[in-house]
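Engineer: File name coords.txt; file contents compact mmCIF, C-alpha atoms and all ligand atoms; full text below.
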# COMPACT_ATOMS: atom_id res chain seq x y z
CA MET A 1 128.52 138.56 35.75
CA TYR A 2 128.16 139.90 39.31
CA THR A 3 130.00 143.03 40.49
CA THR A 4 129.38 142.97 44.26
CA ILE A 5 129.25 139.29 45.13
CA LEU A 6 131.41 136.25 44.46
CA THR A 7 129.84 132.86 43.81
CA ASN A 8 131.30 129.39 43.79
CA LEU A 9 129.73 125.95 43.42
CA GLU A 10 131.58 123.06 45.03
CA ASN A 11 130.14 119.63 45.91
CA GLY A 12 126.61 120.95 45.42
CA ILE A 13 127.24 123.81 47.90
CA PHE A 14 126.79 127.28 46.40
CA GLN A 15 128.82 129.88 48.27
CA ILE A 16 127.68 133.49 47.99
CA THR A 17 130.21 136.00 49.31
CA ILE A 18 129.16 139.64 49.66
CA ASN A 19 132.24 141.35 48.26
CA ARG A 20 132.62 145.00 49.25
CA PRO A 21 135.19 144.57 52.01
CA ASP A 22 136.31 148.23 51.89
CA LYS A 23 132.73 149.17 52.87
CA LEU A 24 132.39 146.26 55.30
CA ASN A 25 130.14 144.57 52.72
CA ALA A 26 127.33 147.11 53.20
CA LEU A 27 124.22 146.25 51.20
CA ASN A 28 123.60 148.77 48.43
CA VAL A 29 121.22 148.55 45.47
CA ALA A 30 123.86 146.73 43.41
CA VAL A 31 124.35 144.07 46.10
CA PHE A 32 120.60 143.44 46.24
CA ALA A 33 120.48 143.09 42.43
CA ASP A 34 123.35 140.61 42.53
CA LEU A 35 121.83 138.73 45.47
CA ASN A 36 118.58 138.38 43.55
CA GLY A 37 120.51 137.09 40.55
CA ALA A 38 122.26 134.53 42.73
CA LEU A 39 118.91 133.53 44.25
CA ASP A 40 117.52 133.02 40.72
CA GLU A 41 120.37 130.53 40.27
CA VAL A 42 119.61 128.85 43.60
CA TYR A 43 115.97 128.39 42.63
CA SER A 44 116.62 127.24 39.05
CA ASN A 45 119.94 125.36 38.96
CA ALA A 46 119.51 121.70 39.95
CA ALA A 47 123.27 121.39 40.53
CA ILE A 48 122.92 123.72 43.54
CA GLN A 49 121.85 121.56 46.48
CA SER A 50 122.49 123.98 49.34
CA VAL A 51 123.81 127.47 49.95
CA LEU A 52 126.05 129.37 52.34
CA ILE A 53 126.23 133.15 52.55
CA THR A 54 129.25 134.96 53.99
CA GLY A 55 131.14 138.26 53.72
CA ALA A 56 134.51 139.04 52.15
CA GLY A 57 137.46 140.02 54.31
CA PRO A 58 138.28 139.32 57.94
CA LYS A 59 136.22 142.07 59.54
CA ALA A 60 132.61 141.90 58.50
CA PHE A 61 129.81 139.65 57.40
CA VAL A 62 127.73 142.71 56.43
CA ALA A 63 127.82 146.01 58.39
CA GLY A 64 124.32 146.96 57.32
CA ALA A 65 122.41 148.64 54.57
CA ASP A 66 124.59 151.17 52.74
CA ILE A 67 123.89 154.33 54.74
CA SER A 68 125.33 156.54 51.97
CA GLU A 69 122.30 155.71 49.77
CA PHE A 70 119.72 156.79 52.34
CA ASN A 71 119.82 160.56 52.05
CA ASN A 72 119.09 160.53 48.31
CA LEU A 73 115.68 159.02 49.02
CA ASP A 74 112.35 160.45 50.17
CA LYS A 75 109.85 158.62 52.38
CA ALA A 76 108.25 156.74 49.48
CA GLY A 77 111.69 155.74 48.19
CA ILE A 78 112.90 154.44 51.54
CA MET A 79 109.68 152.46 52.03
CA HIS A 80 110.15 150.92 48.57
CA LEU A 81 113.76 150.05 49.53
CA SER A 82 112.52 148.43 52.74
CA LYS A 83 109.88 146.37 50.94
CA ALA A 84 112.32 145.31 48.21
CA GLY A 85 114.85 144.23 50.85
CA GLN A 86 112.18 142.29 52.70
CA ASP A 87 111.16 140.56 49.46
CA THR A 88 114.77 139.50 48.77
CA PHE A 89 115.11 138.12 52.28
CA PHE A 90 111.76 136.25 51.94
CA ARG A 91 113.30 134.51 48.92
CA ILE A 92 116.17 133.36 51.16
CA GLU A 93 113.85 132.31 53.99
CA ASN A 94 111.50 130.42 51.67
CA SER A 95 114.18 128.75 49.57
CA PRO A 96 113.42 125.03 49.27
CA LYS A 97 117.17 124.42 49.50
CA PRO A 98 118.96 124.99 52.84
CA ILE A 99 120.67 128.37 53.16
CA ILE A 100 122.95 129.08 56.12
CA ALA A 101 124.79 132.22 57.11
CA CYS A 102 128.50 132.06 57.99
CA VAL A 103 128.92 135.20 60.08
CA ASN A 104 132.57 136.25 59.95
CA GLY A 105 132.61 139.57 61.83
CA PHE A 106 130.12 142.44 62.06
CA ALA A 107 126.50 141.48 61.28
CA LEU A 108 124.82 144.80 61.93
CA GLY A 109 121.53 146.25 60.74
CA GLY A 110 120.77 144.74 57.34
CA GLY A 111 123.64 142.31 57.92
CA CYS A 112 122.00 140.90 61.02
CA GLU A 113 118.72 140.84 59.06
CA LEU A 114 120.36 138.98 56.17
CA ALA A 115 121.81 136.41 58.60
CA MET A 116 118.42 136.03 60.30
CA SER A 117 116.65 135.38 56.98
CA CYS A 118 118.89 132.34 56.45
CA HIS A 119 117.64 129.00 57.80
CA PHE A 120 120.25 129.05 60.55
CA ARG A 121 123.54 130.68 61.42
CA ILE A 122 127.12 129.72 62.27
CA ALA A 123 129.41 132.38 63.74
CA ALA A 124 133.13 132.93 63.90
CA GLU A 125 134.44 133.82 67.36
CA ASN A 126 134.88 137.47 66.24
CA ALA A 127 131.25 137.84 65.10
CA LYS A 128 129.22 140.75 66.44
CA PHE A 129 125.47 141.14 66.03
CA GLY A 130 123.24 144.16 66.45
CA GLN A 131 120.46 146.33 65.10
CA PRO A 132 121.96 149.83 65.49
CA GLU A 133 119.31 151.62 63.40
CA VAL A 134 118.04 153.76 66.28
CA ASN A 135 121.48 155.40 66.28
CA LEU A 136 120.53 156.70 62.82
CA GLY A 137 117.00 157.70 63.76
CA LEU A 138 115.67 154.63 61.98
CA ILE A 139 114.36 151.15 62.64
CA PRO A 140 115.33 147.89 60.94
CA GLY A 141 113.66 147.69 57.53
CA TYR A 142 114.50 144.25 56.19
CA GLY A 143 112.50 142.10 58.61
CA GLY A 144 114.72 142.63 61.65
CA THR A 145 111.97 143.64 64.07
CA GLN A 146 110.12 140.43 63.24
CA ARG A 147 112.86 137.83 62.96
CA LEU A 148 114.83 139.05 65.99
CA VAL A 149 111.73 138.53 68.15
CA GLN A 150 111.17 135.11 66.55
CA LEU A 151 114.75 133.99 67.12
CA ILE A 152 115.69 135.35 70.55
CA GLY A 153 112.35 136.27 72.17
CA LYS A 154 110.61 139.57 72.68
CA GLY A 155 112.42 140.84 75.79
CA ARG A 156 115.94 140.34 74.45
CA ALA A 157 114.92 141.65 71.03
CA MET A 158 113.31 144.76 72.51
CA GLU A 159 116.50 145.52 74.44
CA LEU A 160 118.75 145.10 71.38
CA LEU A 161 116.42 147.12 69.14
CA MET A 162 116.08 150.02 71.58
CA THR A 163 119.66 150.19 72.90
CA ALA A 164 121.43 149.48 69.57
CA ASN A 165 123.86 147.40 71.62
CA MET A 166 125.99 144.79 69.91
CA ILE A 167 126.31 141.26 71.23
CA ASP A 168 129.32 139.02 70.74
CA ALA A 169 129.30 135.48 69.34
CA ALA A 170 129.16 133.81 72.77
CA THR A 171 126.08 135.85 73.71
CA ALA A 172 124.50 135.15 70.31
CA LEU A 173 125.02 131.45 71.00
CA GLN A 174 123.46 131.76 74.43
CA TYR A 175 120.48 133.65 72.95
CA GLY A 176 119.98 131.01 70.24
CA LEU A 177 120.71 133.50 67.47
CA VAL A 178 123.48 131.22 66.18
CA ASN A 179 123.78 127.44 66.33
CA HIS A 180 127.58 127.13 66.52
CA VAL A 181 130.58 129.35 67.25
CA VAL A 182 133.90 128.27 65.75
CA PRO A 183 137.34 129.82 65.16
CA ALA A 184 137.25 132.03 62.06
CA ASP A 185 139.42 129.67 60.01
CA GLN A 186 136.97 126.81 60.62
CA LEU A 187 133.79 128.72 59.72
CA ILE A 188 133.39 127.65 56.09
CA GLY A 189 134.53 124.11 56.92
CA LYS A 190 131.85 123.82 59.59
CA ALA A 191 129.20 124.99 57.12
CA PHE A 192 130.42 122.48 54.53
CA GLU A 193 130.26 119.72 57.15
CA ILE A 194 126.64 120.50 58.06
CA LEU A 195 125.45 121.16 54.49
CA SER A 196 127.15 117.99 53.21
CA LEU A 197 125.25 116.02 55.85
CA ILE A 198 121.94 117.64 54.88
CA GLN A 199 122.70 116.86 51.22
CA THR A 200 122.70 113.13 52.04
CA LYS A 201 119.03 113.44 53.11
CA ALA A 202 115.97 113.36 50.84
CA PRO A 203 115.81 116.84 49.23
CA ILE A 204 112.02 116.97 48.92
CA ALA A 205 111.67 116.04 52.59
CA VAL A 206 114.22 118.73 53.52
CA ALA A 207 112.25 121.29 51.49
CA GLN A 208 109.04 120.28 53.25
CA CYS A 209 110.73 120.70 56.66
CA ILE A 210 111.70 124.26 55.68
CA GLU A 211 108.18 125.07 54.48
CA ALA A 212 106.50 123.65 57.59
CA ALA A 213 108.92 125.32 60.05
CA ASN A 214 108.48 128.67 58.26
CA ALA A 215 104.68 128.29 58.51
CA VAL A 216 104.97 128.74 62.31
CA PHE A 217 105.59 132.44 61.72
CA ASP A 218 103.19 132.95 58.81
CA GLU A 219 99.81 133.92 60.10
CA THR A 220 98.20 133.29 56.71
CA LYS A 221 98.99 129.59 57.15
CA ASN A 222 98.05 126.81 59.53
CA GLY A 223 101.39 125.17 60.27
CA TYR A 224 99.83 121.86 61.22
CA ALA A 225 97.99 121.76 57.89
CA VAL A 226 101.25 122.62 56.08
CA GLU A 227 102.85 119.71 57.94
CA VAL A 228 100.12 117.28 56.85
CA ALA A 229 100.50 118.45 53.25
CA GLY A 230 104.31 118.13 53.47
CA PHE A 231 104.01 114.67 54.99
CA GLY A 232 101.87 113.70 52.00
CA LYS A 233 104.19 115.32 49.46
CA SER A 234 107.29 113.65 50.89
CA PHE A 235 105.46 110.31 51.19
CA ASP A 236 104.56 110.44 47.53
CA THR A 237 108.19 110.33 46.32
CA ALA A 238 110.66 107.76 45.04
CA ASP A 239 112.99 108.92 47.82
CA ARG A 240 110.45 107.89 50.48
CA ILE A 241 110.27 104.40 48.95
CA GLU A 242 114.09 104.30 48.84
CA GLY A 243 114.39 105.59 52.44
CA THR A 244 111.94 103.15 54.00
CA THR A 245 113.17 100.22 51.88
CA ALA A 246 116.81 100.94 52.71
CA PHE A 247 115.95 101.02 56.41
CA LEU A 248 114.19 97.65 56.21
CA GLU A 249 117.08 96.20 54.17
CA LYS A 250 119.56 97.58 56.75
CA ARG A 251 121.50 99.62 54.19
CA LYS A 252 122.15 103.32 53.66
CA ALA A 253 119.58 105.09 51.50
CA VAL A 254 120.71 106.73 48.28
CA PHE A 255 118.38 109.60 47.43
CA THR A 256 117.84 111.09 43.99
CA GLY A 257 115.61 114.07 44.83
CA LYS A 258 112.64 112.45 43.07
N1 LIG B 1 126.98 151.79 55.09
C1 LIG B 1 127.90 152.43 54.34
N2 LIG B 1 129.22 152.37 54.60
C2 LIG B 1 129.63 151.66 55.66
C3 LIG B 1 128.72 150.99 56.50
C4 LIG B 1 127.34 151.07 56.17
N3 LIG B 1 126.40 150.44 56.88
N4 LIG B 1 129.42 150.39 57.48
C5 LIG B 1 130.71 150.67 57.26
N5 LIG B 1 130.84 151.45 56.17
C6 LIG B 1 132.09 151.97 55.58
C7 LIG B 1 132.64 153.15 56.37
O1 LIG B 1 131.98 154.34 56.01
C8 LIG B 1 134.08 153.12 55.95
O2 LIG B 1 134.20 153.65 54.65
P1 LIG B 1 135.41 154.70 54.29
O3 LIG B 1 136.67 153.91 54.55
O4 LIG B 1 135.19 155.03 52.86
O5 LIG B 1 135.24 155.85 55.24
C9 LIG B 1 134.37 151.63 55.83
O6 LIG B 1 133.10 150.99 55.65
C10 LIG B 1 135.04 151.03 57.05
O7 LIG B 1 134.23 151.31 58.18
P2 LIG B 1 134.77 152.06 59.51
O8 LIG B 1 133.60 152.72 60.17
O9 LIG B 1 135.93 152.90 59.17
O10 LIG B 1 135.25 150.79 60.34
P3 LIG B 1 135.38 150.71 61.95
O11 LIG B 1 136.14 149.45 62.22
O12 LIG B 1 135.89 151.97 62.52
O13 LIG B 1 133.87 150.53 62.47
C11 LIG B 1 131.62 149.61 62.45
C12 LIG B 1 133.12 149.37 62.14
C13 LIG B 1 130.86 148.41 61.90
C14 LIG B 1 131.40 149.72 63.95
C15 LIG B 1 131.17 150.91 61.75
O14 LIG B 1 131.56 150.85 60.38
C16 LIG B 1 129.67 151.15 61.78
O15 LIG B 1 129.15 151.53 62.80
N6 LIG B 1 128.98 150.93 60.62
C17 LIG B 1 127.58 151.21 60.49
C18 LIG B 1 126.75 150.13 61.16
C19 LIG B 1 125.28 150.48 61.04
O16 LIG B 1 124.78 151.46 61.58
N7 LIG B 1 124.55 149.62 60.31
C20 LIG B 1 123.13 149.77 60.15
C21 LIG B 1 122.84 150.47 58.89
S1 LIG B 1 121.07 150.65 58.67
Show this structure as structure tokens.

Structural biologist:
Amino acid sequence: MYTTILTNLENGIFQITINRPDKLNALNVAVFADLNGALDEVYSNAAIQSVLITGAGPKAFVAGADISEFNNLDKAGIMHLSKAGQDTFFRIENSPKPIIACVNGFALGGGCELAMSCHFRIAAENAKFGQPEVNLGLIPGYGGTQRLVQLIGKGRAMELLMTANMIDAATALQYGLVNHVVPADQLIGKAFEILSLIQTKAPIAVAQCIEAANAVFDETKNGYAVEVAGFGKSFDTADRIEGTTAFLEKRKAVFTGK
């Protein structure tokens, strides 16, 4: 069904693997089409409870947008590509189900932007992050100028954007760009551990956490109002009754997502 990604559903965790290892998993038009197809599944398939995104092969998560497609485009075409990429990454960011990036090597340009659109990131020790677009006479086009500032602060982001320097996993951890750094062979296991834990929580409450936290960076929204609405939505669920009752009965809650 897909030609540039692999998907697998195990224990409610949907793994999306960008699969062009000979091109370091660079994001071309076909990858974006497949990613959007996989996101349709994420949004519509109730069996998918959470998602992890990674790259095929030992070397790269994603080494960027596919540079070989750039020179066929004019200004209008490249701006359309940028907007379409942003829209795909908004679908990741605004997914009601948790999506985490497992960064297993180079996360450059669009790869860093893809990782940053996920709800949080785990890195293998060999991970490398950067926005090298100025080397190409370009700037990031898939939300990188915005999310890098959000995640690591303006000063650090400005330096990375303007120098095109790469940072290693330890620096990314220090900057808060990633939450955990683990040996490469433990990367997927670590993601499964965290996502399995999240899957034991009330799904509607988890979705409301995502929406409220994302509202911080959405100037069309009042985050505090989103929080009040989310508090109400999560309160008005069978899972809230189960959660509070289980606490009072000193037992573990069993949530149904209702
Ligand atoms: N777009 C298209 N192809 C890419 C790519 C990208 N962003 N990144 C890597 N590739 C391709 C290379 O062209 C090469 O293909 P080939 O074997 O057909 O020549 C293959 O992937 C392997 O990459 P290579 O450069 O040989 O690996 P390396 O280990 O020497 O270098 C990088 C790794 C990541 C440092 C280097 O590939 C690189 O700088 N990539 C571009 C990063 C970038 O600028 N991203 C932002 C794009 S907006």

Engineer: Compute the set of protein, DNA and RNA residues whose minimum atom distance to ligand LIG 1 (chain B) is at most 7 Å, using only C-alpha atoms and all ligand atoms, and state it as an NGL selection string.

Structural biologist: :A and (22-24 or 26 or 63-68 or 106 or 108-110 or 131-133 or 135-136 or 140)

Engineer: Just give me the residues with any atom within 9 Å of (139.2, 142.8, 55.5), file coordinates, counting all atoms listed in the file, written as a list in words.

Structural biologist: Pro21, Asp22, Leu24, Ala56, Gly57, Pro58, Lys59 and Ala60 of chain A

Engineer: Listed atoms of region 24-31 of chain A, axis-aligned box, 6 Å per side: centre and edge lengths to one decimal in Å, as JSON?

Structural biologist:
{"center_x": 126.8, "center_y": 146.4, "center_z": 49.4, "size_x": 23.2, "size_y": 16.7, "size_z": 23.9}

Engineer: Work out how far CA of Ala101 (chain A) is from CA of Arg121 (chain A), in Å to one decimal.

Structural biologist: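 Pair CA of Arg121 (chain A) / CA of Ala101 (chain A) returns 4.7 Å.
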
Engineer: Pick out the closest residue to Phe70 (chain A) from this set: A:Gly12, A:Pro98, A:Gly137, A:Gly144. Count only C-alpha atoms.

Structural biologist: A:Gly137

Engineer: Quick one: distance from CA of Ala115 (chain A) to CA of Gly130 (chain A) in Å, one decimal?

Structural biologist: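 Distance between the two atoms: 11.1 Å.
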
Engineer: Select, from A:Gly223, A:Gly77, A:Gly111, A:Gly105, the residue with the minimum atom-to-atom distance to Gln208 (chain A), counting only C-alpha atoms.

Structural biologist: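 Of the candidates, the smallest distance to Gln208 (chain A) is held by A:Gly223.
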
Engineer: A:Leu81, A:Val254, A:Asp74, A:Thr244: which is nearest Val29 (chain A), counting all atoms listed in the file?

Structural biologist: A:Leu81

Engineer: Have a look at CA of Val42 (chain A) and CA of Leu114 (chain A) and let me know their distance in Å, one decimal.

Structural biologist: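 Those two atoms sit 16.2 Å apart.
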
Engineer: Dig up all the protein and nucleic acid residues within 12 Å of (113.4, 134.6, 63.1) in the file frame, using all atoms listed in the file, and format them as number ranges by chain.

Structural biologist: A: 89-90, 93, 112-121, 142-154, 157, 176-178, 213-218

Engineer: Would you please work out which residue, of A:Met158, A:Ala76, A:Cys102, A:Ala107, is nearest to Ala184 (chain A) when using all atoms listed in the file?

Structural biologist: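 Using all atoms listed in the file, Ala184 (chain A) sits closest to A:Cys102.
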
Engineer: Using all atoms listed in the file, I'd like a table of the residues in region 71-159 of chain A that come within 8 Å of region 187-206 of chain A; for each, show the closest atom pair and its distance in Å rounded to one decimal, ordered by chain and ascending number, as a tab-separated table.

Structural biologist:
residue	atom	partner	partner_atom	distance
A:Pro96	CA	A:Val206	CA	7.6
A:Lys97	CA	A:Val206	CA	7.6
A:Pro98	CA	A:Leu195	CA	7.7
A:Ile100	CA	A:Ala191	CA	7.5
A:Cys102	CA	A:Leu187	CA	6.5
A:Asn104	CA	A:Leu187	CA	7.6
A:Ile122	CA	A:Leu187	CA	7.2
A:Ala123	CA	A:Leu187	CA	7.0
A:Ala124	CA	A:Leu187	CA	6.0

Engineer: Taking into account only C-alpha atoms, which residue in the set A:Thr3, A:Met162, A:Asp185, A:Val103 is nearest to Ile53 (chain A)?

Structural biologist: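 Of all the options, A:Val103 lies closest to Ile53 (chain A).
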
Engineer: Using only C-alpha atoms, which of the listed residues (A:Asn25, A:Ser95, A:Asn36, A:Ser44) sits closest to Val62 (chain A)?

Structural biologist: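 The closest residue to Val62 (chain A) is A:Asn25.
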
Engineer: Within 8 Å of Lys83 (chain A), counting only C-alpha atoms, which residues show up once you throw out same-chain ones fewer than 3 positions away? Write them as a ChimeraX atom specification, please.

Structural biologist: /A:79-80,86-87,141-142
